[in-house]
Amino acid sequence: MNNNGDTPRSKLVIASNNAGKLREFRELLSPFGFDVVSMKEAGFSKEIVEDGETFEENAHIKARAVFEATGLPTIADDSGLEIDFLNGAPGVYSARYAGENATDKERCEKVLEEMHGVAKELRDARFVCSIYFIFDDEDEYSVRGEVCGYIGDEPVGENGFGYDPIFMLDDDESMATISSDEKNKISHRAKAFEKLSVILKEKFL
């Protein structure tokens with residue numbers, strides 16, 4: 001879909017109203033000629049119940065709900081933290097692991113408490129991002145990005161958000177000590193974006 005400036009751009013809905021997420025997706029999708037809009041801008045205001053057991057299922061639930069309501073190509077994502085020692089928790093419950101209204105600090109404290117005394121070699125963890133893209137009734141795609149690390153013994157760094165301060169990339173750096181530019185190159189979302197870009201280039205460029 002090459003947009004030469006004369007042809008109206010096709011709308012594509014991001015199943016979110018989060019300004020930061022919308023900005024990231026607009027940057028990613030800028031070469032493909034889409035007019036990227038939020039759920040609100042597309043006229044979608046229903047609450048979506050994310051009751052899937054995996055990130056992929058939740059991303060699909062969100063994308064399908066918005067696509068069926070708007071009839072427009074839709075992209076949704078779901079992401080979170082998986083810790084091997086906790087059998088994959090917090091997983092799809094990452095945002096509400098310490099309670100519905102918990103702060104990032106409280107979520108980190110809960111994980112650190114559960115991992116207290118656990119040896120370093122058993123603290124492996126990963127950030128996961130699943131993106132689901134529905135173009136039309138015939139074309140649907142699911143991609144997954146991961147960044148691997150381990151859970152530290154205490155928060156390190158002031159950047160980032162969520163579980164970033166306790167997610168160690170190596171002995172000296174956490175996800176909260178690196179710059180946002182560096183994070184955007186190595187993060188789970190960046191890796192999922194990269195896979196989605198391959199699909200979009202094959203289909204639209």
# chains A, B, ... in the order shown; residues from 1 in each chain; ligands from 1

$ residues_around --residues "segment 130-136 of chain A" --least-positions-apart "3" --cutoff "7 Å" --atoms "only C-alpha atoms" --output "VMD selection string"
chain A and resid 55 to 56 59 to 60 63 73 to 79 139 to 145 192

$ select_by_dssp --residues "segment 54-168 of chain A" --states "helix (DSSP H, G or I)" --output "tab-separated table (two decimals) with C-alpha atoms, in the first residue's frame"
chain	number	residue	atom	x	y	z
A	55	PHE	CA	-0.19	-12.89	26.16
A	56	GLU	CA	-1.11	-14.13	22.68
A	57	GLU	CA	-4.69	-14.89	23.73
A	58	ASN	CA	-5.15	-11.48	25.34
A	59	ALA	CA	-3.73	-9.65	22.33
A	60	HIS	CA	-6.07	-11.65	20.09
A	61	ILE	CA	-9.09	-10.91	22.32
A	62	LYS	CA	-8.41	-7.16	22.14
A	63	ALA	CA	-7.73	-7.13	18.40
A	64	ARG	CA	-10.80	-9.22	17.58
A	65	ALA	CA	-13.14	-7.09	19.72
A	66	VAL	CA	-12.03	-3.85	18.09
A	67	PHE	CA	-11.92	-5.29	14.56
A	68	GLU	CA	-15.43	-6.71	14.79
A	69	ALA	CA	-16.80	-3.43	16.16
A	70	THR	CA	-15.07	-1.10	13.69
A	84	ASP	CA	10.89	-19.23	35.74
A	85	PHE	CA	11.10	-19.82	39.50
A	86	LEU	CA	7.50	-18.62	39.87
A	91	GLY	CA	2.68	-13.44	33.41
A	92	VAL	CA	-0.63	-12.12	32.10
A	93	TYR	CA	-1.32	-10.74	35.60
A	94	SER	CA	1.79	-8.52	35.58
A	95	ALA	CA	-0.15	-5.25	35.78
A	96	ARG	CA	-2.29	-6.37	38.73
A	104	ASP	CA	5.05	-0.07	40.29
A	105	LYS	CA	7.03	0.04	43.55
A	106	GLU	CA	4.54	-2.31	45.23
A	107	ARG	CA	4.64	-4.74	42.31
A	108	CYS	CA	8.43	-4.85	42.43
A	109	GLU	CA	8.38	-5.32	46.21
A	110	LYS	CA	5.99	-8.27	45.89
A	111	VAL	CA	8.23	-10.02	43.37
A	112	LEU	CA	11.37	-9.35	45.44
A	113	GLU	CA	9.64	-10.77	48.51
A	114	GLU	CA	8.67	-13.93	46.64
A	120	LYS	CA	20.95	-16.25	41.15
A	121	GLU	CA	21.00	-19.25	38.81
A	122	LEU	CA	17.30	-19.78	39.56
A	164	ASP	CA	12.31	-2.44	34.99
A	165	PRO	CA	14.30	-1.67	38.19
A	166	ILE	CA	14.43	-5.33	39.29

$ residues_around --residues "segment 27-30 of chain A" --least-positions-apart "4" --cutoff "8 Å" --atoms "only C-alpha atoms" --output "MDAnalysis selection string"
chainID A and resid 23 34 36 193 197

$ write_last_selection --atoms "C-alpha atoms" --output "short mmCIF file (atom, residue, chain, number, x, y, z; two decimals), in the first residue's frame"
data_model
loop_
_atom_site.label_atom_id
_atom_site.label_comp_id
_atom_site.auth_asym_id
_atom_site.auth_seq_id
_atom_site.Cartn_x
_atom_site.Cartn_y
_atom_site.Cartn_z
CA ARG A 23 3.22 7.13 19.36
CA PHE A 34 -1.87 3.89 7.32
CA VAL A 36 -3.23 5.19 12.68
CA PHE A 193 7.81 -4.65 16.33
CA SER A 197 7.66 -4.93 10.31
#

$ select_by_dssp --residues "segment 4-193 of chain A" --states "strand (DSSP E)" --output "PyMOL selection string"
chain A and resi 10-14+34-38+74-83+124-134+140-151+167-168

$ write_last_selection --atoms "N, CA and C atoms" --output "short mmCIF file (atom, residue, chain, number, x, y, z; two decimals), in the first residue's frame"
data_model
loop_
_atom_site.label_atom_id
_atom_site.label_comp_id
_atom_site.auth_asym_id
_atom_site.auth_seq_id
_atom_site.Cartn_x
_atom_site.Cartn_y
_atom_site.Cartn_z
N SER A 10 -5.65 4.36 4.37
CA SER A 10 -6.53 3.43 5.07
C SER A 10 -6.32 3.56 6.58
N LYS A 11 -7.41 3.58 7.32
CA LYS A 11 -7.31 3.67 8.77
C LYS A 11 -6.91 2.32 9.36
N LEU A 12 -6.13 2.40 10.42
CA LEU A 12 -5.75 1.22 11.18
C LEU A 12 -5.87 1.58 12.65
N VAL A 13 -6.56 0.73 13.41
CA VAL A 13 -6.82 1.01 14.82
C VAL A 13 -5.79 0.30 15.71
N ILE A 14 -5.22 1.03 16.65
CA ILE A 14 -4.42 0.43 17.71
C ILE A 14 -5.36 0.21 18.90
N PHE A 34 -0.65 3.98 6.52
CA PHE A 34 -1.87 3.89 7.32
C PHE A 34 -2.13 5.19 8.06
N ASP A 35 -3.40 5.48 8.27
CA ASP A 35 -3.82 6.55 9.17
C ASP A 35 -4.11 5.87 10.51
N VAL A 36 -3.15 5.93 11.43
CA VAL A 36 -3.23 5.19 12.68
C VAL A 36 -4.07 5.96 13.70
N VAL A 37 -5.09 5.30 14.25
CA VAL A 37 -5.99 5.94 15.21
C VAL A 37 -6.13 5.08 16.46
N SER A 38 -6.51 5.72 17.55
CA SER A 38 -6.76 5.02 18.82
C SER A 38 -8.15 4.39 18.81
N THR A 74 -6.78 -3.84 12.64
CA THR A 74 -6.54 -3.58 14.06
C THR A 74 -5.27 -4.27 14.54
N ILE A 75 -4.53 -3.56 15.37
CA ILE A 75 -3.35 -4.13 16.04
C ILE A 75 -3.54 -4.00 17.55
N ALA A 76 -3.28 -5.10 18.27
CA ALA A 76 -3.33 -5.09 19.74
C ALA A 76 -2.07 -5.76 20.27
N ASP A 77 -1.69 -5.39 21.48
CA ASP A 77 -0.55 -6.06 22.08
C ASP A 77 -0.84 -6.34 23.55
N ASP A 78 -0.13 -7.32 24.09
CA ASP A 78 -0.19 -7.61 25.52
C ASP A 78 1.22 -7.99 25.94
N SER A 79 1.62 -7.54 27.11
CA SER A 79 3.00 -7.78 27.53
C SER A 79 3.08 -7.92 29.04
N GLY A 80 4.22 -8.44 29.48
CA GLY A 80 4.42 -8.61 30.91
C GLY A 80 5.71 -9.36 31.22
N LEU A 81 5.87 -9.72 32.47
CA LEU A 81 7.08 -10.36 32.99
C LEU A 81 6.80 -11.83 33.32
N GLU A 82 7.72 -12.69 32.91
CA GLU A 82 7.66 -14.12 33.27
C GLU A 82 8.91 -14.49 34.05
N ILE A 83 8.72 -15.15 35.19
CA ILE A 83 9.84 -15.59 36.03
C ILE A 83 9.80 -17.11 36.15
N ASP A 124 16.17 -16.59 36.59
CA ASP A 124 15.97 -16.24 35.18
C ASP A 124 14.56 -15.71 34.92
N ALA A 125 14.48 -14.68 34.08
CA ALA A 125 13.20 -14.05 33.79
C ALA A 125 13.23 -13.48 32.38
N ARG A 126 12.06 -13.12 31.87
CA ARG A 126 12.00 -12.50 30.55
C ARG A 126 10.81 -11.55 30.50
N PHE A 127 10.98 -10.47 29.77
CA PHE A 127 9.86 -9.62 29.39
C PHE A 127 9.34 -10.13 28.06
N VAL A 128 8.02 -10.22 27.94
CA VAL A 128 7.38 -10.76 26.74
C VAL A 128 6.38 -9.75 26.18
N CYS A 129 6.36 -9.61 24.87
CA CYS A 129 5.34 -8.80 24.21
C CYS A 129 4.76 -9.59 23.04
N SER A 130 3.45 -9.73 23.03
CA SER A 130 2.75 -10.38 21.92
C SER A 130 1.94 -9.32 21.18
N ILE A 131 2.09 -9.27 19.86
CA ILE A 131 1.32 -8.34 19.03
C ILE A 131 0.44 -9.16 18.09
N TYR A 132 -0.83 -8.80 18.01
CA TYR A 132 -1.78 -9.47 17.12
C TYR A 132 -2.32 -8.46 16.12
N PHE A 133 -2.24 -8.79 14.84
CA PHE A 133 -2.65 -7.89 13.76
C PHE A 133 -3.73 -8.56 12.92
N ILE A 134 -4.89 -7.94 12.86
CA ILE A 134 -5.97 -8.40 11.98
C ILE A 134 -6.13 -7.37 10.87
N GLU A 140 -4.65 -12.60 9.39
CA GLU A 140 -4.37 -12.35 10.79
C GLU A 140 -2.95 -12.82 11.10
N TYR A 141 -2.25 -12.08 11.95
CA TYR A 141 -0.86 -12.41 12.25
C TYR A 141 -0.59 -12.23 13.74
N SER A 142 0.25 -13.11 14.28
CA SER A 142 0.65 -13.01 15.68
C SER A 142 2.18 -13.09 15.75
N VAL A 143 2.80 -12.13 16.45
CA VAL A 143 4.25 -12.15 16.62
C VAL A 143 4.57 -11.95 18.10
N ARG A 144 5.74 -12.42 18.49
CA ARG A 144 6.14 -12.38 19.90
C ARG A 144 7.59 -11.92 20.01
N GLY A 145 7.85 -11.01 20.94
CA GLY A 145 9.20 -10.57 21.21
C GLY A 145 9.55 -10.80 22.67
N GLU A 146 10.82 -11.13 22.93
CA GLU A 146 11.27 -11.38 24.30
C GLU A 146 12.63 -10.73 24.53
N VAL A 147 12.86 -10.31 25.76
CA VAL A 147 14.20 -9.94 26.20
C VAL A 147 14.47 -10.69 27.50
N CYS A 148 15.61 -11.36 27.56
CA CYS A 148 15.92 -12.22 28.70
C CYS A 148 16.86 -11.54 29.70
N GLY A 149 16.68 -11.88 30.96
CA GLY A 149 17.52 -11.35 32.02
C GLY A 149 17.29 -12.15 33.28
N TYR A 150 17.42 -11.51 34.43
CA TYR A 150 17.14 -12.19 35.69
C TYR A 150 16.67 -11.16 36.73
N ILE A 151 16.03 -11.65 37.77
CA ILE A 151 15.52 -10.78 38.82
C ILE A 151 16.63 -10.47 39.82
N PHE A 167 14.66 -5.91 36.93
CA PHE A 167 14.98 -6.79 35.80
C PHE A 167 16.41 -6.50 35.35
N MET A 168 17.33 -7.39 35.71
CA MET A 168 18.75 -7.19 35.43
C MET A 168 19.12 -7.76 34.06
#

$ closest_residue --among "A:Lys21, A:Arg26, A:Asp137, A:Phe32" --to "Val198 of chain A" --atoms "only C-alpha atoms"
A:Phe32

$ atom_distance --atom1 "atom CA of Gly152 of chain A" --atom2 "atom CA of Val118 of chain A"
10.2 Å

$ closest_residue --among "A:Asp51, A:Leu205, A:Lys195, A:Gly160" --to "Lys183 of chain A" --atoms "only C-alpha atoms"
A:Gly160
